[in-house]
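**Student:** Structure file run_23.cif, mmCIF, C-alpha atoms, is pasted below:
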data_target
loop_
_atom_site.label_atom_id
_atom_site.label_comp_id
_atom_site.auth_asym_id
_atom_site.auth_seq_id
_atom_site.Cartn_x
_atom_site.Cartn_y
_atom_site.Cartn_z
CA MET A 1 0.95 -17.60 -3.14
CA THR A 2 4.01 -19.21 -1.59
CA ALA A 3 5.37 -17.60 1.52
CA GLU A 4 9.06 -16.96 1.99
CA ARG A 5 11.11 -19.62 3.75
CA THR A 6 11.99 -18.95 7.35
CA GLN A 7 15.28 -17.18 7.86
CA GLN A 8 18.07 -19.10 9.53
CA ALA A 9 18.28 -18.76 13.30
CA PRO A 10 20.92 -16.26 14.36
CA ALA A 11 23.87 -17.14 16.49
CA VAL A 12 23.18 -16.38 20.13
CA PRO A 13 25.68 -15.07 22.66
CA ALA A 14 26.87 -17.65 25.16
CA GLN A 15 24.51 -18.33 28.02
CA ARG A 16 25.21 -16.50 31.24
CA LYS A 17 27.13 -18.05 34.05
CA PRO A 18 25.16 -19.25 37.09
CA ASN A 19 25.97 -16.10 39.06
CA THR A 20 25.18 -13.72 36.21
CA PRO A 21 21.93 -11.76 36.73
CA ALA A 22 19.19 -12.65 34.19
CA ALA A 23 17.99 -9.09 33.80
CA PRO A 24 20.32 -6.97 31.62
CA ASP A 25 19.06 -3.65 32.95
CA GLY A 26 22.53 -2.76 34.23
CA GLN A 27 24.21 -3.61 30.95
CA PRO A 28 26.64 -0.87 29.80
CA GLU A 29 25.52 1.21 26.83
CA HIS A 30 28.39 0.08 24.59
CA GLU A 31 27.50 -3.58 25.23
CA ARG A 32 23.88 -2.92 24.28
CA VAL A 33 24.95 -1.26 21.03
CA SER A 34 27.34 -4.15 20.34
CA ALA A 35 24.58 -6.71 20.94
CA PHE A 36 22.21 -4.81 18.65
CA ALA A 37 24.83 -4.58 15.88
CA SER A 38 25.80 -8.25 16.19
CA LEU A 39 22.20 -9.49 16.08
CA SER A 40 21.36 -7.24 13.15
CA ARG A 41 24.40 -8.39 11.21
CA VAL A 42 23.58 -12.07 11.77
CA MET A 43 19.95 -11.55 10.70
CA ILE A 44 20.98 -9.74 7.52
CA VAL A 45 23.50 -12.44 6.58
CA ALA A 46 20.91 -15.15 7.25
CA PHE A 47 18.40 -13.35 5.05
CA ILE A 48 20.84 -12.89 2.16
CA ARG A 49 21.90 -16.54 2.29
CA ASP A 50 18.29 -17.69 2.11
CA ARG A 51 17.69 -17.42 -1.63
CA ALA A 52 14.01 -18.28 -1.35
CA ALA A 53 13.49 -15.47 1.16
CA VAL A 54 15.26 -12.99 -1.10
CA PHE A 55 13.13 -14.12 -4.04
CA PHE A 56 9.76 -13.86 -2.31
CA VAL A 57 10.53 -10.63 -0.46
CA LEU A 58 12.28 -8.66 -3.21
CA LEU A 59 11.88 -10.28 -6.62
CA PHE A 60 8.37 -11.78 -6.47
CA PRO A 61 6.59 -8.43 -5.83
CA LEU A 62 8.74 -6.85 -8.56
CA MET A 63 7.48 -9.48 -11.00
CA PHE A 64 3.93 -8.36 -10.22
CA LEU A 65 4.88 -4.76 -10.93
CA LEU A 66 6.37 -5.68 -14.30
CA LEU A 67 3.49 -7.96 -15.28
CA LEU A 68 0.55 -5.83 -14.16
CA GLY A 69 2.23 -2.61 -15.21
CA THR A 70 2.33 -3.95 -18.77
CA LEU A 71 -1.02 -5.76 -18.94
CA LEU A 72 -3.28 -3.24 -17.20
CA LYS A 73 -2.53 -0.56 -19.78
CA GLY A 74 -5.37 -2.04 -21.83
CA ALA A 75 -7.84 -2.49 -19.00
CA THR A 76 -11.32 -1.00 -19.13
CA SER A 77 -13.19 1.07 -16.58
CA PRO A 78 -16.99 0.67 -16.34
CA HIS A 79 -17.78 3.71 -14.21
CA ALA A 80 -16.53 7.22 -13.56
CA LYS A 81 -17.14 9.92 -10.93
CA VAL A 82 -17.48 13.52 -12.10
CA ALA A 83 -18.22 16.84 -10.43
CA GLN A 84 -20.76 19.11 -12.15
CA VAL A 85 -20.06 22.77 -11.47
CA GLY A 86 -23.13 24.94 -11.89
CA ALA A 87 -25.77 24.27 -14.52
CA VAL A 88 -24.74 22.03 -17.42
CA GLN A 89 -27.55 21.82 -19.93
CA ILE A 90 -26.47 18.63 -21.67
CA LEU A 91 -26.57 16.77 -18.33
CA ASP A 92 -29.55 18.48 -16.72
CA SER A 93 -31.72 17.92 -19.78
CA VAL A 94 -31.24 14.14 -19.78
CA GLN A 95 -34.29 12.62 -18.09
CA GLY A 96 -36.21 9.34 -17.90
CA ASP A 97 -34.58 6.25 -19.35
CA GLY A 98 -31.76 8.33 -20.75
CA ARG A 99 -30.92 9.56 -17.24
CA ALA A 100 -30.96 6.02 -15.88
CA GLN A 101 -28.55 4.89 -18.59
CA LEU A 102 -26.27 7.86 -17.95
CA GLU A 103 -26.12 7.13 -14.21
CA LYS A 104 -24.94 3.60 -14.96
CA VAL A 105 -21.67 4.99 -16.30
CA LEU A 106 -21.39 8.33 -14.46
CA THR A 107 -21.79 9.31 -10.82
CA ILE A 108 -22.49 13.05 -10.91
CA SER A 109 -22.04 15.26 -7.85
CA LYS A 110 -23.22 18.86 -8.20
CA GLY A 111 -21.62 21.93 -6.67
CA ASP A 112 -20.50 25.51 -7.35
CA ASP A 113 -16.86 25.48 -6.20
CA GLU A 114 -14.75 24.88 -9.31
CA ALA A 115 -11.40 25.13 -7.48
CA ALA A 116 -12.43 22.49 -4.91
CA ALA A 117 -13.67 20.19 -7.67
CA LEU A 118 -10.39 20.50 -9.59
CA GLU A 119 -8.41 19.73 -6.44
CA LYS A 120 -10.41 16.53 -5.93
CA VAL A 121 -9.67 15.56 -9.52
CA ARG A 122 -5.94 16.12 -8.99
CA LYS A 123 -5.96 14.01 -5.82
CA GLY A 124 -7.85 11.20 -7.54
CA ASP A 125 -11.04 11.51 -5.48
CA LEU A 126 -12.93 12.33 -8.69
CA ASP A 127 -12.27 11.32 -12.28
CA ALA A 128 -13.30 14.60 -13.89
CA MET A 129 -14.90 18.02 -13.50
CA ILE A 130 -17.46 19.31 -16.00
CA LYS A 131 -19.00 22.74 -16.42
CA GLU A 132 -20.71 24.72 -19.16
CA GLY A 133 -19.16 27.96 -20.35
CA PRO A 134 -20.42 30.74 -22.62
CA ASP A 135 -21.89 29.87 -26.04
CA GLY A 136 -22.60 26.28 -25.00
CA LYS A 137 -18.96 25.24 -24.59
CA VAL A 138 -18.73 22.23 -22.29
CA GLU A 139 -15.47 22.17 -20.33
CA LEU A 140 -14.20 18.79 -19.14
CA ARG A 141 -11.15 18.56 -16.89
CA PHE A 142 -9.91 15.06 -16.08
CA SER A 143 -7.01 13.33 -14.34
CA ALA A 144 -4.42 11.32 -16.24
CA ALA A 145 -3.46 9.37 -13.10
CA ASP A 146 -5.60 6.56 -14.52
CA GLN A 147 -5.63 6.91 -18.30
CA VAL A 148 -8.26 4.19 -18.67
CA ARG A 149 -10.77 6.17 -16.61
CA ALA A 150 -9.70 9.37 -18.34
CA GLY A 151 -10.45 7.86 -21.73
CA SER A 152 -13.71 6.42 -20.45
CA VAL A 153 -15.05 9.72 -19.09
CA GLN A 154 -14.03 11.56 -22.25
CA GLY A 155 -15.88 9.04 -24.40
CA ILE A 156 -19.00 9.22 -22.24
CA VAL A 157 -19.18 13.02 -22.17
CA ASN A 158 -18.39 13.26 -25.87
CA SER A 159 -21.25 10.87 -26.57
CA VAL A 160 -23.62 13.02 -24.51
CA VAL A 161 -22.47 16.14 -26.41
CA GLN A 162 -23.04 14.47 -29.78
CA GLN A 163 -26.50 13.34 -28.70
CA ALA A 164 -27.36 16.88 -27.65
CA ASN A 165 -26.17 18.19 -31.02
CA GLN A 166 -28.34 15.67 -32.86
CA THR A 167 -31.33 16.78 -30.82
CA ALA A 168 -30.71 20.35 -31.94
CA SER A 169 -31.11 19.30 -35.61
CA SER A 170 -31.18 21.76 -38.51
CA LYS A 171 -29.02 24.09 -36.46
CA PRO A 172 -25.27 24.56 -36.08
CA PRO A 173 -23.75 22.42 -33.29
CA ALA A 174 -25.18 23.73 -30.06
CA PHE A 175 -22.35 22.47 -27.90
CA VAL A 176 -18.58 22.09 -28.26
CA LEU A 177 -16.49 19.92 -25.97
CA ASP A 178 -13.22 21.36 -24.65
CA SER A 179 -11.39 18.46 -22.98
CA ALA A 180 -8.02 18.63 -21.17
CA GLN A 181 -6.28 16.82 -18.33
CA VAL A 182 -5.33 18.64 -15.13
CA GLU A 183 -1.76 17.27 -14.97
CA ASP A 184 1.27 17.26 -17.19
CA ASN A 185 0.87 15.16 -20.33
CA SER A 186 3.84 12.97 -19.39
CA LEU A 187 2.03 11.15 -16.53
CA LYS A 188 1.47 7.41 -16.99
CA PRO A 189 -0.95 4.82 -15.52
CA ILE A 190 1.93 3.26 -13.58
CA GLN A 191 1.52 5.94 -10.93
CA PHE A 192 -1.57 4.18 -9.60
CA LEU A 193 -0.10 0.69 -9.80
CA THR A 194 3.28 1.36 -8.17
CA PRO A 195 2.05 2.58 -4.72
CA GLY A 196 -0.42 -0.30 -4.45
CA LEU A 197 2.04 -3.05 -5.29
CA LEU A 198 4.70 -1.43 -3.13
CA GLY A 199 2.30 -1.44 -0.18
CA TRP A 200 1.47 -5.10 -0.79
CA ALA A 201 5.18 -6.00 -0.98
CA VAL A 202 5.97 -4.19 2.28
CA ALA A 203 3.01 -5.83 4.04
CA THR A 204 3.88 -9.31 2.79
CA GLY A 205 7.54 -9.08 3.73
CA ALA A 206 6.93 -7.68 7.22
CA VAL A 207 4.09 -10.04 8.17
CA PHE A 208 5.72 -13.24 6.98
CA SER A 209 9.21 -12.47 8.24
CA ALA A 210 7.89 -11.70 11.72
CA SER A 211 5.46 -14.63 12.01
CA LEU A 212 7.62 -17.39 10.52
CA THR A 213 10.79 -16.27 12.27
CA LEU A 214 9.03 -16.14 15.65
CA VAL A 215 7.63 -19.67 15.29
CA SER A 216 10.95 -21.04 14.01
CA TRP A 217 12.93 -19.48 16.87
CA ARG A 218 10.47 -20.84 19.42
CA GLN A 219 10.61 -24.36 17.98
CA LYS A 220 14.42 -24.35 17.81
CA LYS A 221 14.71 -23.02 21.38
CA VAL A 222 16.39 -19.83 20.12
CA LEU A 223 13.95 -17.65 22.07
CA ARG A 224 14.80 -19.54 25.25
CA ARG A 225 18.51 -19.06 24.69
CA LEU A 226 18.02 -15.36 23.94
CA ARG A 227 15.99 -15.00 27.11
CA LEU A 228 18.82 -16.50 29.19
CA ALA A 229 21.64 -14.72 27.35
CA PRO A 230 23.10 -11.43 28.70
CA VAL A 231 21.31 -9.50 25.93
CA SER A 232 18.46 -7.09 26.59
CA ALA A 233 15.06 -7.73 25.06
CA GLY A 234 15.26 -4.23 23.61
CA SER A 235 18.34 -5.15 21.57
CA ILE A 236 16.60 -8.24 20.19
CA VAL A 237 13.44 -6.38 19.21
CA ALA A 238 15.34 -3.37 17.82
CA SER A 239 17.60 -5.54 15.65
CA ARG A 240 14.61 -7.47 14.26
CA ILE A 241 12.78 -4.22 13.44
CA ALA A 242 15.92 -2.67 11.92
CA VAL A 243 16.44 -5.61 9.56
CA SER A 244 12.78 -5.59 8.47
CA VAL A 245 12.82 -1.82 7.91
CA LEU A 246 16.03 -2.08 5.90
CA THR A 247 14.47 -4.79 3.73
CA ALA A 248 11.35 -2.66 3.14
CA LEU A 249 13.45 0.37 2.16
CA VAL A 250 15.36 -1.79 -0.34
CA GLN A 251 12.00 -2.92 -1.75
CA THR A 252 10.97 0.72 -2.09
CA ALA A 253 14.19 1.68 -3.85
CA VAL A 254 13.84 -1.22 -6.30
CA PHE A 255 10.20 -0.44 -7.05
CA LEU A 256 10.78 3.25 -7.68
CA SER A 257 13.88 2.55 -9.77
CA VAL A 258 11.93 0.21 -12.05
CA ALA A 259 8.75 2.30 -12.21
CA THR A 260 10.67 5.44 -13.23
CA LEU A 261 12.32 3.68 -16.17
CA PRO A 262 11.31 5.17 -19.56
CA PHE A 263 9.26 2.07 -20.39
CA PHE A 264 6.85 2.81 -17.52
CA GLY A 265 7.55 6.53 -17.07
CA LEU A 266 6.50 7.14 -13.47
CA LYS A 267 7.00 10.84 -12.67
CA LEU A 268 7.55 11.43 -8.97
CA SER A 269 5.72 14.51 -7.76
CA GLY A 270 5.24 16.53 -4.62
CA ASP A 271 7.15 15.51 -1.51
CA TRP A 272 7.74 11.98 -2.81
CA TRP A 273 10.52 11.42 -0.24
CA LEU A 274 7.79 11.09 2.40
CA ILE A 275 7.39 7.52 1.18
CA ILE A 276 10.43 6.69 3.35
CA PRO A 277 8.85 7.47 6.76
CA LEU A 278 5.59 6.00 5.47
CA VAL A 279 7.27 2.69 4.68
CA ILE A 280 9.06 2.68 8.05
CA CYS A 281 5.78 3.21 9.95
CA ALA A 282 4.00 0.65 7.77
CA THR A 283 6.71 -1.97 8.36
CA ILE A 284 6.29 -1.61 12.12
CA ALA A 285 2.51 -1.92 11.74
CA PHE A 286 2.69 -5.06 9.60
CA MET A 287 5.33 -6.61 11.84
CA SER A 288 2.83 -6.34 14.69
CA ILE A 289 0.43 -8.44 12.61
CA GLY A 290 3.19 -10.99 12.06
CA LEU A 291 3.90 -10.99 15.79
CA LEU A 292 0.25 -11.78 16.49
CA ALA A 293 0.19 -14.58 13.90
CA GLY A 294 3.45 -16.02 15.23
CA SER A 295 2.20 -15.84 18.82
CA LEU A 296 -0.99 -17.73 18.00
CA ALA A 297 0.56 -20.36 15.70
CA LYS A 298 2.37 -23.44 17.00
CA THR A 299 3.93 -24.49 13.68
CA GLU A 300 5.40 -22.71 10.67
CA GLU A 301 2.60 -24.11 8.50
CA ALA A 302 0.00 -22.60 10.79
CA ALA A 303 1.84 -19.26 10.85
CA ASN A 304 2.00 -19.30 7.06
CA GLY A 305 -1.73 -19.99 6.79
CA ILE A 306 -2.72 -17.30 9.29
CA SER A 307 -0.50 -14.76 7.52
CA GLN A 308 -1.98 -15.64 4.13
CA ILE A 309 -5.53 -15.28 5.44
CA ILE A 310 -4.69 -11.81 6.74
CA VAL A 311 -2.52 -10.41 3.92
CA LEU A 312 -4.39 -11.53 0.80
CA PRO A 313 -7.89 -10.23 1.67
CA MET A 314 -6.36 -7.02 3.04
CA SER A 315 -4.53 -6.47 -0.27
CA PHE A 316 -7.73 -6.70 -2.31
CA LEU A 317 -9.86 -4.68 0.12
CA SER A 318 -7.26 -1.90 0.44
CA GLY A 319 -7.06 -1.07 -3.27
CA ALA A 320 -3.50 -2.35 -3.65
CA PHE A 321 -4.27 -4.14 -6.92
CA PHE A 322 -7.26 -2.20 -8.28
CA PRO A 323 -9.51 0.72 -7.21
CA SER A 324 -12.02 -0.10 -4.48
CA ASP A 325 -14.65 2.38 -5.68
CA GLY A 326 -17.08 -0.36 -6.69
CA MET A 327 -17.19 -2.04 -3.28
CA PRO A 328 -20.37 -1.90 -1.17
CA GLY A 329 -20.47 0.90 1.37
CA TRP A 330 -20.09 -1.37 4.40
CA LEU A 331 -17.06 -3.05 2.85
CA LYS A 332 -15.45 0.31 2.05
CA ALA A 333 -16.02 1.37 5.65
CA PHE A 334 -14.34 -1.83 6.86
CA SER A 335 -11.35 -1.22 4.59
CA GLU A 336 -10.73 2.10 6.36
CA VAL A 337 -9.52 0.27 9.49
CA LEU A 338 -6.94 -1.75 7.52
CA PRO A 339 -3.37 -0.41 7.71
CA LEU A 340 -2.65 -1.22 4.07
CA LYS A 341 -5.50 1.07 2.97
CA HIS A 342 -3.86 4.05 4.69
CA LEU A 343 -0.42 3.18 3.33
CA VAL A 344 -1.63 2.81 -0.27
CA THR A 345 -3.72 5.99 -0.19
CA ALA A 346 -0.92 8.09 1.31
CA ALA A 347 1.69 6.56 -1.03
CA GLN A 348 -0.42 7.39 -4.08
CA SER A 349 -0.75 10.95 -2.85
CA VAL A 350 2.92 11.65 -2.16
CA LEU A 351 4.36 9.68 -5.07
CA SER A 352 2.18 10.70 -7.99
CA ARG A 353 -0.51 13.22 -7.02
CA GLY A 354 1.55 16.05 -5.61
CA GLY A 355 0.72 15.32 -1.98
CA GLY A 356 2.75 16.48 0.98
CA VAL A 357 3.11 16.28 4.74
CA THR A 358 -0.62 16.80 5.39
CA ASP A 359 -1.35 13.65 3.40
CA ALA A 360 1.38 11.51 4.98
CA LEU A 361 1.23 12.46 8.67
CA PRO A 362 -2.33 11.19 9.37
CA ALA A 363 -1.50 7.87 7.71
CA MET A 364 1.70 7.51 9.73
CA GLY A 365 -0.22 8.22 12.93
CA VAL A 366 -2.81 5.57 12.08
CA LEU A 367 -0.12 3.01 11.24
CA LEU A 368 1.79 3.56 14.48
CA GLY A 369 -1.42 3.52 16.52
CA PHE A 370 -2.45 0.27 14.84
CA ALA A 371 0.98 -1.21 15.64
CA ALA A 372 0.64 -0.26 19.33
CA VAL A 373 -2.79 -1.88 19.66
CA ILE A 374 -1.90 -5.13 17.85
CA THR A 375 1.42 -5.43 19.70
CA ALA A 376 -0.40 -5.13 23.03
CA ILE A 377 -2.79 -7.88 21.96
CA SER A 378 0.08 -10.05 20.72
CA TRP A 379 1.92 -9.74 24.03
CA ARG A 380 -1.07 -11.39 25.68
CA PHE A 381 -0.48 -14.55 23.60
CA PHE A 382 3.32 -14.41 23.32
CA ARG A 383 5.26 -17.46 24.52
CA TRP A 384 9.01 -17.87 24.88
CA GLU A 385 8.72 -21.66 24.61
CA ASP A 386 6.21 -24.20 23.32
CA ALA A 387 3.86 -25.44 25.97
#
Output the file's structure in the form of structure tokens.
**Tutor:**
Amino acid sequence: MTAERTQQAPAVPAQRKPNTPAAPDGQPEHERVSAFASLSRVMIVAFIRDRAAVFFVLLFPLMFLLLLGTLLKGATSPHAKVAQVGAVQILDSVQGDGRAQLEKVLTISKGDDEAAALEKVRKGDLDAMIKEGPDGKVELRFSAADQVRAGSVQGIVNSVVQQANQTASSKPPAFVLDSAQVEDNSLKPIQFLTPGLLGWAVATGAVFSASLTLVSWRQKKVLRRLRLAPVSAGSIVASRIAVSVLTALVQTAVFLSVATLPFFGLKLSGDWWLIIPLVICATIAFMSIGLLAGSLAKTEEAANGISQIIVLPMSFLSGAFFPSDGMPGWLKAFSEVLPLKHLVTAAQSVLSRGGGVTDALPAMGVLLGFAAVITAISWRFFRWEDA
């Protein structure tokens, strides 16, 4: 994957006169606001003029959404997770080799709380809920969030029902399958793909813009000039964060606008607007990673390589491109410390699974906490000038 080109260095206010104090602590409030606005405006103009940066930050991730959103409609799912509520004869009676074959395609968790099982299905934690009603009717309730898995679990359970009916030969069908999804029929598979690719786009843009810009400014002596200029460090940092957050929000608007087109049919549910504070917190978290990469690297090539090594594995481990259910337990545990995992999970919940504040707030707290820790580490290696 090609990283975005480094943004042009912004114009810097004239260096202070010899008698001007270096520390801007006594700078009037209106001058601080003016410095912040000027720096932000220059950074935005530099970004827009850099066509490669615009392509890799905004258009390249959108191409992935269009491509994967079309191709993955025909993907297959080898395994499904279902909740068994109470006794279900067609499942409990399968023993020996038949049980071993069944467990290759189904992970069955038993319990008695039907409402809790249905809630897990709606949130995507389980693929289906199955129970046995009166007169041998087998009730299957599945989620249409991933239609491939929904079709897979229906086919598996229907096969088990047919096998049970064949066993009860010379008799009327002993079991009847009643299958229905738990959501509205209008939901599409794009609701899983959109949050993941959006998270990857936000992470890529924030990490690369922070790391490459930091190295470029250091090499071109821009950081030195900013340090000597009568501009507070807070204005510099705030303007850089503001531009990155604005870019991420534009990415979000583009993604949701495309995904909700009739061709894809994403239906926003729950408190979907919570994606805005989620993206803001995530941008700050991923910028801290870029700050660390830019602080460690001495050249733009090195910063690009470090950023790639961090972003690409994190994207695959966090479930941005495909579900991470099949990963080994230790790898799944490791993915829980990655900020992209929390962003993708929370985004899926609030955008397409009816989630709300209780789903978004913990993720935002983790993202901001992660940003604080990584920023503190980065400050240890930060340099205003090359050694």
**Student:** With all atoms listed in the file as the atoms that count, which of A:Leu102, A:Ile190, A:Ala346, A:Leu266 lies nearest to Leu278 (chain A)?
**Tutor:**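 Among A:Leu102, A:Ile190, A:Ala346, A:Leu266, it is A:Ala346 that comes nearest to Leu278 (chain A).
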**Student:** Applied to this file, what does the PyMOL selection byres ((chain A and resi 198) around 8) return in terms of residues, put as a VMD selection string?
**Tutor:** chain A and resid 61 194 to 197 199 to 202 251 to 252 255
**Student:** Give me, as an MDAnalysis selection string, all polymer residues having an atom no more than 10 Å from Gly365 (chain A), counting all atoms listed in the file and skipping those fewer than 6 positions away in the same chain.
**Tutor:** chainID A and resid 278 281 342 371
**Student:** State, in Å with one decimal place, the distance from CA of Lys298 (chain A) to CA of Leu228 (chain A).
**Tutor:** 21.6 Å
**Student:** Which residues match the PyMOL selection byres ((chain A and resi 327-340) around 9) in the file above, as a list of chain:residue names?
**Tutor:**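 This file, filtered by the PyMOL selection byres ((chain A and resi 327-340) around 9), leaves A:Gly196, A:Gly199, A:Trp200, A:Ala203, A:Ala282, A:Ala285, A:Phe286, A:Met314, A:Ser315, A:Leu317, A:Ser318, A:Gly319, A:Ala320, A:Ser324, A:Asp325, A:Gly326, A:Lys341, A:His342, A:Leu343, A:Val344, A:Thr345, A:Ala363, A:Val366, A:Leu367, A:Phe370.
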**Student:** What would the file look like if the residues just selected were written as a compact mmCIF listing (two decimals), keeping the file's coordinate frame with C-alpha atoms?
**Tutor:**
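again-v1.txt, freshly written:
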# COMPACT_ATOMS: atom_id res chain seq x y z
CA GLY A 196 -0.42 -0.30 -4.45
CA GLY A 199 2.30 -1.44 -0.18
CA TRP A 200 1.47 -5.10 -0.79
CA ALA A 203 3.01 -5.83 4.04
CA ALA A 282 4.00 0.65 7.77
CA ALA A 285 2.51 -1.92 11.74
CA PHE A 286 2.69 -5.06 9.60
CA MET A 314 -6.36 -7.02 3.04
CA SER A 315 -4.53 -6.47 -0.27
CA LEU A 317 -9.86 -4.68 0.12
CA SER A 318 -7.26 -1.90 0.44
CA GLY A 319 -7.06 -1.07 -3.27
CA ALA A 320 -3.50 -2.35 -3.65
CA SER A 324 -12.02 -0.10 -4.48
CA ASP A 325 -14.65 2.38 -5.68
CA GLY A 326 -17.08 -0.36 -6.69
CA LYS A 341 -5.50 1.07 2.97
CA HIS A 342 -3.86 4.05 4.69
CA LEU A 343 -0.42 3.18 3.33
CA VAL A 344 -1.63 2.81 -0.27
CA THR A 345 -3.72 5.99 -0.19
CA ALA A 363 -1.50 7.87 7.71
CA VAL A 366 -2.81 5.57 12.08
CA LEU A 367 -0.12 3.01 11.24
CA PHE A 370 -2.45 0.27 14.84
**Student:** For region 111-123 of chain A, find every residue with an atom within 7 Å (counting all atoms listed in the file), except residues of its own chain fewer than 4 positions away, and show them as a list in words.
**Tutor:**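 Near region 111-123 of chain A, the qualifying residues are Ala83, Gln84, Val85, Gly86, Asp127, Ala128, Met129, Phe142, Ser143, Val182, Ser349 and Arg353 of chain A.
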**Student:** So that I have them on file, write out the residues from the current selection with C-alpha atoms, as a short mmCIF file (atom, residue, chain, number, x, y, z; two decimals), in the frame of the given file.
**Tutor:**
data_model
loop_
_atom_site.label_atom_id
_atom_site.label_comp_id
_atom_site.auth_asym_id
_atom_site.auth_seq_id
_atom_site.Cartn_x
_atom_site.Cartn_y
_atom_site.Cartn_z
CA ALA A 83 -18.22 16.84 -10.43
CA GLN A 84 -20.76 19.11 -12.15
CA VAL A 85 -20.06 22.77 -11.47
CA GLY A 86 -23.13 24.94 -11.89
CA ASP A 127 -12.27 11.32 -12.28
CA ALA A 128 -13.30 14.60 -13.89
CA MET A 129 -14.90 18.02 -13.50
CA PHE A 142 -9.91 15.06 -16.08
CA SER A 143 -7.01 13.33 -14.34
CA VAL A 182 -5.33 18.64 -15.13
CA SER A 349 -0.75 10.95 -2.85
CA ARG A 353 -0.51 13.22 -7.02
#
**Student:** For Gln101 (chain A), which residue among A:Val160, A:Ile130, A:Val350, A:Val250 is the nearest when counting all atoms listed in the file?
**Tutor:**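 Looking at the shortest contact to Gln101 (chain A), the residue is A:Val160.
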**Student:** Box time for region 291-297 of chain A: axis-aligned, enclosing all its listed atoms, 6 Å extra on each side; report centre and edge lengths in Å to one decimal, as JSON.
**Tutor:**
{"center_x": 1.5, "center_y": -15.7, "center_z": 16.4, "size_x": 16.9, "size_y": 21.4, "size_z": 16.9}
**Student:** Using only C-alpha atoms for the distances, tell me which of A:Leu193, A:Leu249, A:Ala302, A:Val279 is nearest to Leu212 (chain A).
**Tutor:**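 Checking each of A:Leu193, A:Leu249, A:Ala302, A:Val279 against Leu212 (chain A), counting only C-alpha atoms, the winner is A:Ala302.
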**Student:** Please, what distance in Å, to one decimal, runs between CA of Ser288 (chain A) and CA of Trp272 (chain A)?
**Tutor:**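 Here the two named atoms are 25.8 Å from each other.
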**Student:** Between CA of Leu361 (chain A) and CA of Ala206 (chain A), what is the distance in Å, rounded to a tenth?
**Tutor:**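 Straight-line distance from CA of Leu361 (chain A) to CA of Ala206 (chain A) works out to 21.0 Å.
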**Student:** Can you translate the PyMOL selection byres ((chain A and resi 383) around 10) into the concrete residues it hits in this file, as a count of residues only?
**Tutor:** 17
**Student:** Let me make sure I understand: among A:Val237, A:Ala242, A:Thr213, A:Ser257, which one has the smallest atom-to-atom distance to Glu301 (chain A) if we use all atoms listed in the file?
**Tutor:** A:Thr213
